[in-house]
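coords-v5.cif, holding mmCIF, C-alpha atoms:
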data_start
loop_
_atom_site.label_atom_id
_atom_site.label_comp_id
_atom_site.auth_asym_id
_atom_site.auth_seq_id
_atom_site.Cartn_x
_atom_site.Cartn_y
_atom_site.Cartn_z
CA GLY R 1 31.70 6.30 38.46
CA GLY R 2 27.99 5.79 38.17
CA VAL R 3 25.13 3.56 37.25
CA ALA R 4 22.72 4.37 34.44
CA ILE R 5 19.24 2.96 34.89
CA ILE R 6 17.16 2.88 31.75
CA ALA R 7 13.45 2.31 32.31
CA GLY R 8 10.73 1.91 29.77
CA GLN R 9 7.06 0.96 30.16
CA CYS R 10 4.57 3.78 29.75
CA THR R 11 7.33 6.40 29.67
CA PHE R 12 11.03 6.29 28.92
CA ASP R 13 13.29 7.47 31.73
CA VAL R 14 17.04 7.44 32.34
CA THR R 15 18.63 8.01 35.74
CA VAL R 16 22.33 8.24 36.53
CA LEU R 17 23.07 7.22 40.10
CA GLU R 18 26.20 7.33 42.19
CA ILE R 19 26.36 4.60 44.80
CA ILE R 20 29.01 4.94 47.49
CA GLU R 21 29.03 2.52 50.43
CA GLY R 22 25.32 1.81 50.01
CA VAL R 23 24.30 5.47 49.77
CA VAL R 24 22.48 6.20 46.52
CA GLU R 25 22.51 9.70 45.05
CA VAL R 26 20.78 10.76 41.84
CA GLN R 27 23.28 12.57 39.63
CA GLY R 28 21.11 13.14 36.57
CA SER R 29 17.73 12.17 35.22
CA ALA R 30 15.88 12.69 31.95
CA GLY R 31 13.00 11.13 30.10
CA ASP R 32 10.36 11.23 27.44
CA ALA R 33 6.87 10.98 28.93
CA ARG R 34 5.46 10.32 25.45
CA LEU R 35 7.65 7.32 24.66
CA GLY R 36 6.97 3.84 25.97
CA GLY R 37 6.09 0.28 25.12
CA ASP R 38 2.79 1.23 23.46
CA ASP R 39 4.72 3.29 20.92
CA PHE R 40 6.61 0.19 19.83
CA THR R 41 3.31 -1.67 19.43
CA GLU R 42 2.01 1.22 17.30
CA ALA R 43 5.17 1.04 15.18
CA LEU R 44 4.48 -2.64 14.50
CA LEU R 45 0.85 -1.83 13.71
CA GLY R 46 2.04 0.70 11.17
CA TRP R 47 4.52 -1.79 9.70
CA VAL R 48 1.84 -4.50 9.32
CA THR R 49 -0.69 -2.16 7.71
CA LYS R 50 1.95 -0.86 5.30
CA GLU R 51 3.25 -4.37 4.53
CA THR R 52 -0.24 -5.73 3.86
CA GLY R 53 -1.84 -2.60 2.40
CA LEU R 54 -4.65 -2.81 4.98
CA LYS R 55 -6.86 0.22 5.39
CA LEU R 56 -8.56 -0.24 8.75
CA ALA R 57 -11.16 2.05 10.27
CA ALA R 58 -9.41 4.03 13.02
CA GLY R 59 -10.68 2.99 16.43
CA GLY R 60 -12.59 0.05 15.02
CA THR R 61 -12.68 -3.52 16.28
CA SER R 62 -10.37 -4.80 13.54
CA GLU R 63 -7.75 -2.19 14.38
CA ALA R 64 -8.01 -3.12 18.07
CA ARG R 65 -7.59 -6.81 17.27
CA LEU R 66 -4.59 -6.08 15.06
CA ARG R 67 -3.05 -3.86 17.75
CA GLU R 68 -3.45 -6.70 20.27
CA ALA R 69 -1.80 -9.14 17.82
CA CYS R 70 1.08 -6.66 17.35
CA GLU R 71 1.51 -6.37 21.13
CA LEU R 72 1.75 -10.17 21.41
CA ALA R 73 4.21 -10.29 18.49
CA LYS R 74 6.35 -7.57 20.12
CA ARG R 75 6.55 -9.62 23.30
CA ARG R 76 7.36 -12.83 21.43
CA LEU R 77 10.17 -11.07 19.55
CA GLY R 78 11.77 -10.40 22.93
CA ARG R 79 12.32 -14.17 23.19
CA GLU R 80 12.32 -15.43 19.60
CA PRO R 81 14.06 -14.26 16.39
CA GLU R 82 10.80 -14.24 14.42
CA THR R 83 7.07 -14.62 14.89
CA ARG R 84 3.79 -14.15 13.08
CA VAL R 85 1.11 -11.51 13.45
CA VAL R 86 -2.14 -13.44 13.16
CA VAL R 87 -5.69 -12.06 13.21
CA PRO R 88 -8.36 -14.56 12.13
CA GLY R 89 -11.42 -13.17 10.39
CA ILE R 90 -10.23 -9.56 10.24
CA GLU R 91 -12.81 -7.25 8.73
CA VAL R 92 -11.60 -4.61 6.31
CA PRO R 93 -14.03 -2.10 4.76
CA GLY R 94 -14.93 -3.15 1.24
CA ARG R 95 -13.59 -6.70 1.61
CA ALA R 96 -14.90 -9.97 2.95
CA PRO R 97 -13.47 -11.04 6.33
CA HIS R 98 -10.19 -12.91 5.91
CA ASP R 99 -7.40 -14.34 8.02
CA LEU R 100 -4.36 -12.10 8.40
CA ASP R 101 -1.07 -13.93 8.87
CA VAL R 102 2.15 -11.92 8.47
CA ARG R 103 5.70 -13.10 9.19
CA LEU R 104 7.67 -10.65 11.35
CA ASP R 105 11.36 -10.97 12.14
CA ARG R 106 13.58 -8.85 14.40
CA ALA R 107 15.17 -7.03 11.46
CA SER R 108 11.75 -5.85 10.23
CA ALA R 109 10.75 -4.89 13.78
CA GLN R 110 13.99 -2.97 14.25
CA GLY R 111 13.28 -1.06 11.06
CA ALA R 112 9.83 -0.17 12.39
CA TYR R 113 11.33 0.82 15.75
CA ALA R 114 14.19 2.93 14.31
CA PRO R 115 12.57 6.37 14.90
CA LEU R 116 11.68 5.40 18.49
CA LEU R 117 15.16 4.09 19.22
CA GLN R 118 16.55 7.36 17.86
CA ARG R 119 14.27 9.28 20.26
CA MET R 120 15.71 7.29 23.18
CA ARG R 121 19.17 8.72 22.55
CA GLY R 122 18.12 12.24 23.60
CA PRO R 123 17.12 11.47 27.21
CA ILE R 124 20.17 9.23 27.65
CA THR R 125 22.48 12.00 26.47
CA ARG R 126 20.68 14.59 28.65
CA ALA R 127 20.89 12.44 31.80
CA ILE R 128 24.61 11.82 31.27
CA ARG R 129 25.24 15.53 30.60
CA ASP R 130 23.21 16.58 33.68
CA ALA R 131 25.18 14.11 35.80
CA GLY R 132 28.41 15.72 34.63
CA VAL R 133 29.99 12.41 33.67
CA ALA R 134 31.26 10.88 30.45
CA LEU R 135 29.73 7.74 28.94
CA GLY R 136 32.94 5.91 29.87
CA ASP R 137 32.44 6.81 33.54
CA ILE R 138 29.31 4.69 33.75
CA GLN R 139 30.24 1.42 35.44
CA GLU R 140 26.93 -0.43 35.12
CA VAL R 141 23.85 -0.11 32.95
CA LEU R 142 20.64 -1.58 34.35
CA LEU R 143 17.51 -2.07 32.25
CA VAL R 144 14.13 -2.07 34.01
CA GLY R 145 10.54 -1.79 32.78
CA GLY R 146 8.63 -3.77 30.19
CA ALA R 147 10.07 -2.21 27.03
CA THR R 148 13.60 -3.05 28.16
CA ARG R 149 12.85 -6.72 27.44
CA MET R 150 13.19 -5.81 23.79
CA PRO R 151 16.57 -6.83 22.31
CA GLU R 152 16.67 -3.54 20.37
CA VAL R 153 16.69 -1.51 23.60
CA ALA R 154 19.52 -3.62 25.04
CA GLN R 155 21.42 -3.24 21.76
CA LEU R 156 21.01 0.56 21.88
CA ALA R 157 22.31 0.65 25.46
CA THR R 158 25.28 -1.53 24.48
CA GLU R 159 26.11 0.75 21.54
CA LEU R 160 25.92 3.92 23.62
CA PHE R 161 27.71 2.74 26.76
CA GLY R 162 30.12 0.23 25.21
CA LYS R 163 29.07 -2.51 27.63
CA LEU R 164 26.31 -5.04 27.95
CA PRO R 165 23.47 -3.88 30.19
CA GLN R 166 22.66 -5.92 33.26
CA ARG R 167 19.34 -7.67 33.18
CA THR R 168 19.49 -9.34 36.58
CA LEU R 169 16.58 -7.38 38.03
CA HIS R 170 12.99 -8.28 37.19
CA PRO R 171 11.94 -5.50 34.76
CA ASP R 172 8.47 -4.90 36.20
CA GLU R 173 9.21 -5.50 39.88
CA SER R 174 12.13 -3.06 39.75
CA VAL R 175 9.83 -0.28 38.56
CA ALA R 176 7.34 -1.07 41.34
CA VAL R 177 10.04 -1.12 44.03
CA GLY R 178 11.48 2.17 42.73
CA ALA R 179 8.05 3.78 42.83
CA ALA R 180 7.48 2.49 46.36
CA VAL R 181 10.82 3.89 47.54
CA GLN R 182 10.02 7.27 45.98
CA ALA R 183 6.61 7.29 47.64
CA ALA R 184 8.18 6.42 51.01
CA LEU R 185 10.67 9.27 50.67
#
Please express what this file holds, its structure, as C-alpha coordinates.
Amino acid sequence: GGVAIIAGQCTFDVTVLEIIEGVVEVQGSAGDARLGGDDFTEALLGWVTKETGLKLAAGGTSEARLREACELAKRRLGREPETRVVVPGIEVPGRAPHDLDVRLDRASAQGAYAPLLQRMRGPITRAIRDAGVALGDIQEVLLVGGATRMPEVAQLATELFGKLPQRTLHPDESVAVGAAVQAAL
(Lines of atoms letter the chains of each structure in order from A and count residues from 1; the text may use other names and numbers.)
(Lines give C-alpha, C1' and ligand atoms only; values in the text may rest on other atoms or scores of the structure.)
Protein backbone atom coordinates (compact mmCIF):
# COMPACT_ATOMS: atom_id res chain seq x y z
CA GLY A 1 0.00 0.00 0.00
CA GLY A 2 1.01 3.60 -0.23
CA VAL A 3 0.06 7.22 -0.03
CA ALA A 4 0.24 9.56 -3.00
CA ILE A 5 0.86 13.19 -2.12
CA ILE A 6 0.05 15.63 -4.87
CA ALA A 7 1.45 19.12 -4.36
CA GLY A 8 0.99 22.17 -6.48
CA GLN A 9 1.99 25.80 -5.91
CA CYS A 10 4.95 27.03 -7.95
CA THR A 11 5.72 23.53 -9.21
CA PHE A 12 3.71 20.35 -9.52
CA ASP A 13 5.09 17.36 -7.62
CA VAL A 14 3.83 13.88 -6.81
CA THR A 15 5.33 11.64 -4.15
CA VAL A 16 4.37 8.06 -3.33
CA LEU A 17 5.12 7.19 0.28
CA GLU A 18 4.97 3.96 2.20
CA ILE A 19 4.19 4.43 5.87
CA ILE A 20 4.71 1.45 8.14
CA GLU A 21 4.40 1.87 11.91
CA GLY A 22 5.19 5.58 11.68
CA VAL A 23 8.25 5.13 9.44
CA VAL A 24 7.89 7.04 6.18
CA GLU A 25 9.75 5.90 3.08
CA VAL A 26 9.63 7.60 -0.32
CA GLN A 27 8.82 5.00 -2.96
CA GLY A 28 8.59 7.27 -6.00
CA SER A 29 8.57 10.93 -6.87
CA ALA A 30 8.06 12.95 -10.03
CA GLY A 31 7.14 16.48 -10.96
CA ASP A 32 6.95 19.28 -13.45
CA ALA A 33 8.98 22.29 -12.31
CA ARG A 34 7.28 24.41 -14.99
CA LEU A 35 3.72 23.72 -13.90
CA GLY A 36 2.05 25.46 -10.98
CA GLY A 37 -0.69 27.79 -9.86
CA ASP A 38 0.54 30.69 -12.01
CA ASP A 39 -0.01 28.57 -15.12
CA PHE A 40 -3.68 28.24 -14.24
CA THR A 41 -3.91 32.01 -13.82
CA GLU A 42 -2.29 32.44 -17.25
CA ALA A 43 -4.82 30.00 -18.72
CA LEU A 44 -7.65 32.16 -17.37
CA LEU A 45 -5.94 35.27 -18.73
CA GLY A 46 -5.83 33.63 -22.14
CA TRP A 47 -9.49 32.60 -21.87
CA VAL A 48 -10.60 36.14 -20.94
CA THR A 49 -8.61 37.80 -23.73
CA LYS A 50 -9.97 35.31 -26.26
CA GLU A 51 -13.54 35.62 -24.94
CA THR A 52 -13.46 39.43 -25.03
CA GLY A 53 -11.19 39.91 -28.04
CA LEU A 54 -8.85 42.10 -25.96
CA LYS A 55 -5.45 42.86 -27.40
CA LEU A 56 -3.37 44.02 -24.44
CA ALA A 57 0.22 45.23 -24.57
CA ALA A 58 2.39 42.42 -23.18
CA GLY A 59 3.88 43.39 -19.85
CA GLY A 60 1.74 46.50 -19.60
CA THR A 61 -0.26 47.76 -16.64
CA SER A 62 -3.59 46.62 -18.10
CA GLU A 63 -2.28 43.10 -18.60
CA ALA A 64 -0.98 43.07 -15.01
CA ARG A 65 -4.34 44.25 -13.68
CA LEU A 66 -6.18 41.62 -15.72
CA ARG A 67 -3.77 38.91 -14.52
CA GLU A 68 -4.45 39.95 -10.92
CA ALA A 69 -8.22 39.81 -11.56
CA CYS A 70 -7.80 36.32 -13.07
CA GLU A 71 -5.82 35.19 -10.00
CA LEU A 72 -8.64 36.39 -7.73
CA ALA A 73 -11.24 34.70 -9.95
CA LYS A 74 -9.26 31.43 -9.87
CA ARG A 75 -9.25 31.51 -6.08
CA ARG A 76 -12.97 32.33 -5.89
CA LEU A 77 -13.77 29.42 -8.21
CA GLY A 78 -12.20 27.15 -5.60
CA ARG A 79 -15.13 28.07 -3.33
CA GLU A 80 -17.92 29.15 -5.68
CA PRO A 81 -19.40 27.67 -8.89
CA GLU A 82 -19.04 30.94 -10.79
CA THR A 83 -17.53 34.39 -10.46
CA ARG A 84 -16.75 37.48 -12.47
CA VAL A 85 -13.45 38.83 -13.77
CA VAL A 86 -13.70 42.58 -13.22
CA VAL A 87 -11.16 45.25 -14.16
CA PRO A 88 -12.48 48.82 -13.93
CA GLY A 89 -11.05 51.35 -16.36
CA ILE A 90 -8.91 48.89 -18.33
CA GLU A 91 -6.88 50.59 -21.02
CA VAL A 92 -6.63 48.88 -24.38
CA PRO A 93 -4.52 50.37 -27.20
CA GLY A 94 -6.75 52.18 -29.67
CA ARG A 95 -9.78 52.28 -27.37
CA ALA A 96 -11.01 54.51 -24.58
CA PRO A 97 -10.67 53.06 -21.07
CA HIS A 98 -13.66 50.88 -20.19
CA ASP A 99 -14.82 48.55 -17.44
CA LEU A 100 -14.20 44.87 -18.10
CA ASP A 101 -16.71 42.51 -16.48
CA VAL A 102 -16.74 38.89 -17.66
CA ARG A 103 -18.74 36.00 -16.18
CA LEU A 104 -16.61 32.91 -15.52
CA ASP A 105 -17.98 29.55 -14.42
CA ARG A 106 -16.16 26.34 -13.48
CA ALA A 107 -16.96 24.69 -16.82
CA SER A 108 -15.28 27.53 -18.73
CA ALA A 109 -12.32 27.47 -16.33
CA GLN A 110 -11.99 23.71 -16.72
CA GLY A 111 -11.88 24.15 -20.48
CA ALA A 112 -9.10 26.71 -20.08
CA TYR A 113 -7.26 24.40 -17.67
CA ALA A 114 -7.60 21.23 -19.81
CA PRO A 115 -4.04 21.27 -21.26
CA LEU A 116 -2.56 21.85 -17.79
CA LEU A 117 -4.62 19.07 -16.22
CA GLN A 118 -3.44 16.78 -19.01
CA ARG A 119 0.19 17.70 -18.18
CA MET A 120 -0.42 16.68 -14.55
CA ARG A 121 -1.11 13.09 -15.60
CA GLY A 122 2.52 12.51 -16.66
CA PRO A 123 4.19 13.10 -13.28
CA ILE A 124 1.47 11.13 -11.50
CA THR A 125 1.98 8.16 -13.80
CA ARG A 126 5.80 8.42 -13.48
CA ALA A 127 5.71 8.54 -9.66
CA ILE A 128 3.42 5.49 -9.51
CA ARG A 129 5.61 3.60 -12.01
CA ASP A 130 8.81 4.51 -10.12
CA ALA A 131 7.23 3.33 -6.87
CA GLY A 132 6.49 -0.03 -8.49
CA VAL A 133 2.86 -0.01 -7.41
CA ALA A 134 -0.47 -0.03 -9.22
CA LEU A 135 -2.97 2.82 -8.92
CA GLY A 136 -5.20 0.47 -6.94
CA ASP A 137 -2.44 -0.05 -4.36
CA ILE A 138 -2.62 3.58 -3.28
CA GLN A 139 -4.61 3.72 -0.04
CA GLU A 140 -4.78 7.49 0.43
CA VAL A 141 -4.37 10.53 -1.78
CA LEU A 142 -3.43 13.77 -0.05
CA LEU A 143 -3.56 17.15 -1.78
CA VAL A 144 -1.25 19.91 -0.55
CA GLY A 145 -0.18 23.27 -1.99
CA GLY A 146 -2.20 26.20 -3.25
CA ALA A 147 -3.24 24.82 -6.65
CA THR A 148 -4.76 21.76 -4.98
CA ARG A 149 -7.58 23.98 -3.69
CA MET A 150 -8.90 23.94 -7.22
CA PRO A 151 -11.83 21.52 -7.69
CA GLU A 152 -10.39 20.48 -11.06
CA VAL A 153 -7.23 19.13 -9.43
CA ALA A 154 -9.25 17.14 -6.89
CA GLN A 155 -11.44 15.82 -9.72
CA LEU A 156 -8.35 14.70 -11.67
CA ALA A 157 -6.99 12.88 -8.61
CA THR A 158 -10.37 11.20 -8.05
CA GLU A 159 -10.50 10.06 -11.69
CA LEU A 160 -6.97 8.66 -11.64
CA PHE A 161 -7.00 6.97 -8.24
CA GLY A 162 -10.68 6.01 -8.03
CA LYS A 163 -11.06 7.62 -4.61
CA LEU A 164 -11.66 11.04 -3.19
CA PRO A 165 -8.46 12.79 -2.12
CA GLN A 166 -8.08 13.80 1.50
CA ARG A 167 -8.05 17.51 2.13
CA THR A 168 -7.64 17.44 5.89
CA LEU A 169 -4.21 19.07 5.85
CA HIS A 170 -3.82 22.82 5.37
CA PRO A 171 -2.54 23.11 1.76
CA ASP A 172 0.10 25.78 2.41
CA GLU A 173 1.22 24.72 5.88
CA SER A 174 1.77 21.15 4.67
CA VAL A 175 4.20 22.35 2.02
CA ALA A 176 6.08 24.45 4.61
CA VAL A 177 6.28 21.57 7.10
CA GLY A 178 7.50 19.21 4.35
CA ALA A 179 10.19 21.68 3.33
CA ALA A 180 11.26 22.10 6.95
CA VAL A 181 11.52 18.33 7.43
CA GLN A 182 13.60 18.01 4.26
CA ALA A 183 15.88 20.82 5.40
CA ALA A 184 16.30 19.17 8.81
CA LEU A 185 17.24 15.86 7.19
Expected selection from the PyMOL selection byres ((chain R and resi 100) around 7), given as an MDAnalysis selection string: chainID R and resid 86:88 90 98:99 101:102
Please identify all polymer residues within 8 Å of Ser62 of chain R, counting only C-alpha atoms, omitting same-chain residues fewer than 5 positions from it, and present them as a count of residues only. 5
Contacts of Pro151 of chain R at 9 Å or less, counting all atoms listed in the file, minus same-chain residues fewer than 6 places along, as a VMD selection string? chain R and resid 77 to 79 106
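Of the residues listed (R:Asp32, R:Ile124, R:Phe12, R:Glu18), R:Glu18 shows the shortest atom-to-atom separation from Asp137 of chain R; distances use all atoms listed in the file.
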List, as a ChimeraX atom specification, every residue that the PyMOL selection byres ((chain R and resi 40) around 9) selects in the file provided. /R:35-39,41-45,71,74,109,112-113,116,147
One residue among R:Ala107, R:Leu142, R:Ile19, R:Val48 is nearest to Val85 of chain R when using only C-alpha atoms, and that residue is R:Val48
Between atom CA of Val153 of chain R and atom CA of Thr83 of chain R - distance in Å to one decimal: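 A separation of 18.4 Å between them.
Of the listed residues (R:Arg65, R:Ala58, R:Trp47, R:Ile138), R:Trp47 comes nearest to Leu104 of chain R; the distances count only C-alpha atoms.
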So how many Å separate atom CA of Gln118 of chain R and atom CA of Glu159 of chain R, to one decimal? 12.2 Å
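Restricting the calculation to all atoms listed in the file, the smallest distance between Leu17 of chain R and any of R:Thr52, R:Thr61, R:Ser108, R:Gln139 is found for R:Gln139.
Of note, atom CA of Val16 of chain R and atom CA of Ser29 of chain R are spaced 6.2 Å apart.
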Residues proximal to (29.4, 4.0, 29.4) were defined as those with any atom within 9 Å of that point in the file's coordinates, counting all atoms listed in the file. Which are they, as a list in words?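 Within the cut-off we find Val3, Ala4, Ala134, Leu135, Gly136, Asp137, Ile138, Gln139, Glu140, Val141, Ala157, Thr158, Leu160, Phe161, Gly162 and Lys163 of chain R.
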Nearest candidate to Pro165 of chain R (options R:Ala127, R:Lys55, R:Pro97, R:Arg149; using all atoms listed in the file):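 Smallest distance to Pro165 of chain R is found for R:Arg149.
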For Gln27 of chain R, which residue among R:Val177, R:Ala69, R:Met150, R:Val133 is the nearest when counting all atoms listed in the file?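 The answer is R:Val133, which sits nearest to Gln27 of chain R.
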Evaluate the PyMOL selection byres ((chain R and resi 170-172) around 6) here and jot the selected residues down as a ChimeraX atom specification. /R:144-146,169,173-175
